[in-house]
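Engineer: Dropping a structure here in C-alpha cells format, bear with me for questions.
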Amino acid sequence: MRIGIFPTSATACAAGAQMIIDRFAASPGAVLGVATGSTPLELYAELRTAKAQGRFTLAHSRAFALDEYVGIAPDHPEAYRNVLRAELVGEDKTGLAEKDLVTPDGQHPDPEAAAKAYDTAIREVGGIDLQILGIGSDGHIAFNEPGSSLVSRTHHEALAAQTITDNARFFGNDLSQVPTSALTQGLGTIMEAREIMLLAFGSGKSAAVRELIEGPISQRWPATILQMHPLVTVLLDEAAASDLELTDLYRARWNLSQRA
Ligand code: GLP
C-alpha cells in the first residue's frame with residue numbers, strides 16, 4: 001500500500017483528484033468505480049473543477065457504484081444513484097452521461113438476482129480500472145460489514161448497527177429512516193479492480209485505518225483484505241492517521257514515490 005498523509009482532507013483530495021486526472025488523460029475510456037458517503041465529496045468537487053477548466057472529463061467513461069440501499073424510494077435524495085447523479089452526471093459536473101452511471105438495482109423484487117446481474121455487468125465491461133473507496137468506522141468498505149466473507153461477490157447485505165447509526169445523519173438523524181440492508185459489491189469483486197484509491201479523514205476513522213494498514217487480515221475488519229491487492233493508494237489526513245505506528249516510514253516511502 002502507498003500511504004499518503006496530508007495536513008487536511010482538502011490537500012489529500014487535491015492529490016487524489018490529480019491521480020485520477022492523470023489516469024484518465026492516459027486512458028480516456030477507463031472505467032471508474034465510485035463511492036458514496038461524505039468522504040469523497042471534496043474529491044468529486046475537484047474533478048468538477050478540473051472538468052470546468054477543460055483538464056478532465058468522464059464523457060468517454062463509465063462509472064460503477066459500489067452499493068445501493070435496498071428498498072429506498074427511487075426518488076429519495078439519499079438513494080446512492082441520486083447522490084452520484086448529483087455529484088457527477090452532466091456536462092456541468094464531470095461530463096459523465098446518465099446512461100454511463102451504473103448502480104445496483106435496489107428496487108428489484110429479488111435482491112440476490114439484482115446482485116448477480118450487477119457483478120455480471122462489471123465483468124462485461126472488462127472490470128473496473130480505478131476504484132475509489134471510503135471506509136466505515138467499523139472497517140467496512142462498500143457495505144461489506146464485519147464478519148462477512150473476504151471473497152464475496154456482489155450480494156445483499158444487512159447493515160451493521162454502527163453503520164445505521166453513522167448514516168443516520170443523512171436521514172435527518174432518524175435511525176428508523178435508515179435502510180437496513182443494501183446491495184453491495186463483494187470484497188472479491190472490489191479486489192478485482194485494477195487499482196484502488198481509499199480515502200479516510202477524521203479521528204472517527206483512525207481505528208479502522210490502523211487495522212486497514214497495520215492489523216491482521218480478518219473478517220473482523222473487512223477492509224484489511226486490501227493488504228492483498230497489488231495497487232492500493234491510501235490518502236489520509238493527520239487525524240485519520242493518528243493511530244498508526246509506522247507513520248515515519250509511510251511518509252518516507254511516499255516522498256520517495258513522489259520523486260520517482
Ligand atoms: C457508507 C458507504 C461506504 C462509505 C462509508 C463511509 O455507508 N456504503 O461506501 O465508504 O459508509 O462513509 P463516510 O464517507 O460518510 O464516512
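Starting from 1 in every chain, residues are counted up; chains themselves are A, B, ... following the order of the C-alpha cells, and ligands are numbered from 1 as listed.
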Please build the interface table for segment 47-112 of chain A against segment 147-170 of chain A with a cut-off of 7 Å, listing for each qualifying residue the nearest atom pair and the distance in Å to one decimal; count only C-alpha atoms, order rows by chain and increasing number, and write it as CSV.
Structural biologist:
residue,atom,partner,partner_atom,distance
A:Glu78,CA,A:Phe170,CA,6.9
A:Pro111,CA,A:His156,CA,6.2
A:Glu112,CA,A:His156,CA,6.0
Engineer: List as a list of chain:residue names the protein and nucleic acid residues near Lys99 of chain A, meaning an atom at most 10 Å away when only C-alpha atoms are counted, but skip any in the same chain fewer than 5 places from it.
Structural biologist: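 Those residues are A:Arg62, A:Ala63, A:Val89.
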Engineer: Quick one: residues within 9 Å of ligand 1, with only C-alpha atoms and all ligand atoms, as a PyMOL selection string?
Structural biologist: chain A and resi 34-41+65-69+80+133-137+139-144+159+163-164+166-167+170+182+184+198-202+204-205
Engineer: Would you write out those residues with C-alpha atoms, as a PDB file, in the first residue's frame?
Structural biologist:
ATOM      1  CA  VAL A  34     -17.307   5.472  -7.419  1.00  0.00           C
ATOM      2  CA  ALA A  35     -18.046   5.564  -3.704  1.00  0.00           C
ATOM      3  CA  THR A  36     -20.703   7.466  -1.780  1.00  0.00           C
ATOM      4  CA  GLY A  37     -20.581   8.817   1.774  1.00  0.00           C
ATOM      5  CA  SER A  38     -19.200  12.196   2.750  1.00  0.00           C
ATOM      6  CA  THR A  39     -15.525  11.265   2.314  1.00  0.00           C
ATOM      7  CA  PRO A  40     -15.184  11.542  -1.498  1.00  0.00           C
ATOM      8  CA  LEU A  41     -17.226  14.759  -1.829  1.00  0.00           C
ATOM      9  CA  ALA A  65     -21.254   2.488  -7.888  1.00  0.00           C
ATOM     10  CA  LEU A  66     -20.080   0.326  -5.018  1.00  0.00           C
ATOM     11  CA  ASP A  67     -23.502  -0.161  -3.494  1.00  0.00           C
ATOM     12  CA  GLU A  68     -27.139   0.893  -3.186  1.00  0.00           C
ATOM     13  CA  TYR A  69     -29.692   0.759  -0.402  1.00  0.00           C
ATOM     14  CA  TYR A  80     -26.954   6.336  -3.940  1.00  0.00           C
ATOM     15  CA  LEU A 133     -13.225   3.807  -1.712  1.00  0.00           C
ATOM     16  CA  GLY A 134     -14.096   5.292   1.647  1.00  0.00           C
ATOM     17  CA  ILE A 135     -14.107   3.236   4.835  1.00  0.00           C
ATOM     18  CA  GLY A 136     -16.699   2.831   7.575  1.00  0.00           C
ATOM     19  CA  SER A 137     -15.741   3.439  11.191  1.00  0.00           C
ATOM     20  CA  GLY A 139     -13.819  -1.133   8.883  1.00  0.00           C
ATOM     21  CA  HIS A 140     -16.405  -1.833   6.196  1.00  0.00           C
ATOM     22  CA  ILE A 141     -15.808  -0.988   2.564  1.00  0.00           C
ATOM     23  CA  ALA A 142     -18.808  -0.521   0.281  1.00  0.00           C
ATOM     24  CA  PHE A 143     -21.306  -2.258   2.616  1.00  0.00           C
ATOM     25  CA  ASN A 144     -19.195  -5.328   3.437  1.00  0.00           C
ATOM     26  CA  LEU A 159     -26.237  -3.179   7.641  1.00  0.00           C
ATOM     27  CA  THR A 163     -23.368   1.792  10.052  1.00  0.00           C
ATOM     28  CA  ILE A 164     -27.034   2.615  10.603  1.00  0.00           C
ATOM     29  CA  ASP A 166     -23.221   6.531  11.291  1.00  0.00           C
ATOM     30  CA  ASN A 167     -25.517   7.043   8.296  1.00  0.00           C
ATOM     31  CA  PHE A 170     -28.135  11.557   6.024  1.00  0.00           C
ATOM     32  CA  ALA A 182     -28.114  -2.871   0.771  1.00  0.00           C
ATOM     33  CA  THR A 184     -23.011  -4.178  -2.282  1.00  0.00           C
ATOM     34  CA  LEU A 198      -9.030   4.640  -0.467  1.00  0.00           C
ATOM     35  CA  LEU A 199      -9.710   7.930   1.319  1.00  0.00           C
ATOM     36  CA  ALA A 200     -10.229   8.352   5.072  1.00  0.00           C
ATOM     37  CA  PHE A 201     -10.500  11.563   7.070  1.00  0.00           C
ATOM     38  CA  GLY A 202     -11.090  12.467  10.692  1.00  0.00           C
ATOM     39  CA  GLY A 204     -13.590   8.708  13.745  1.00  0.00           C
ATOM     40  CA  LYS A 205     -11.767   6.640  11.124  1.00  0.00           C
TER      41      LYS A 205
END
Engineer: Skip Gly95 of chain A itself and residues of its chain fewer than 2 positions away, then list as JSON, numbers by chain all residues within 10 Å of it, counting only C-alpha atoms.
Structural biologist: {"A": [47, 48, 51, 52, 56, 57, 58, 59, 60, 61, 88, 89, 90, 91, 92, 93, 97, 98]}
Engineer: Mind listing the alpha helix (DSSP H) residues of segment 73-104 of chain A, per DSSP on the backbone, as a ChimeraX atom specification?
Structural biologist: /A:80-88
Engineer: What's the separation between atom CA of Ala193 of chain A and atom CA of Asp119 of chain A, in Å to one decimal place?
Structural biologist: 12.2 Å
Engineer: Check the DSSP output for the backbone and give back, as a PyMOL selection string, the residues of segment 4-244 of chain A in strand (DSSP E or B).
Structural biologist: chain A and resi 4-6+31-34+62-65+67-69+89+96+101-102+130-133+141+144+155-158+181-184+195-200+218+221+232-237
Engineer: If I take atom CA of Val232 of chain A and atom CA of Ile3 of chain A, how far is one from the other in Å, to one decimal?
Structural biologist: 8.5 Å
Engineer: From the list A:Gly106, A:Gly54, A:Pro7, A:Gly33, which residue is nearest Ser181 of chain A when using only C-alpha atoms?
Structural biologist: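 Closest to Ser181 of chain A of all the choices is A:Gly106.
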Engineer: Which is closest to Ala208 of chain A among A:Ala223, A:Ile196, A:Leu43, A:Leu246, if we use only C-alpha atoms?
Structural biologist: A:Ala223
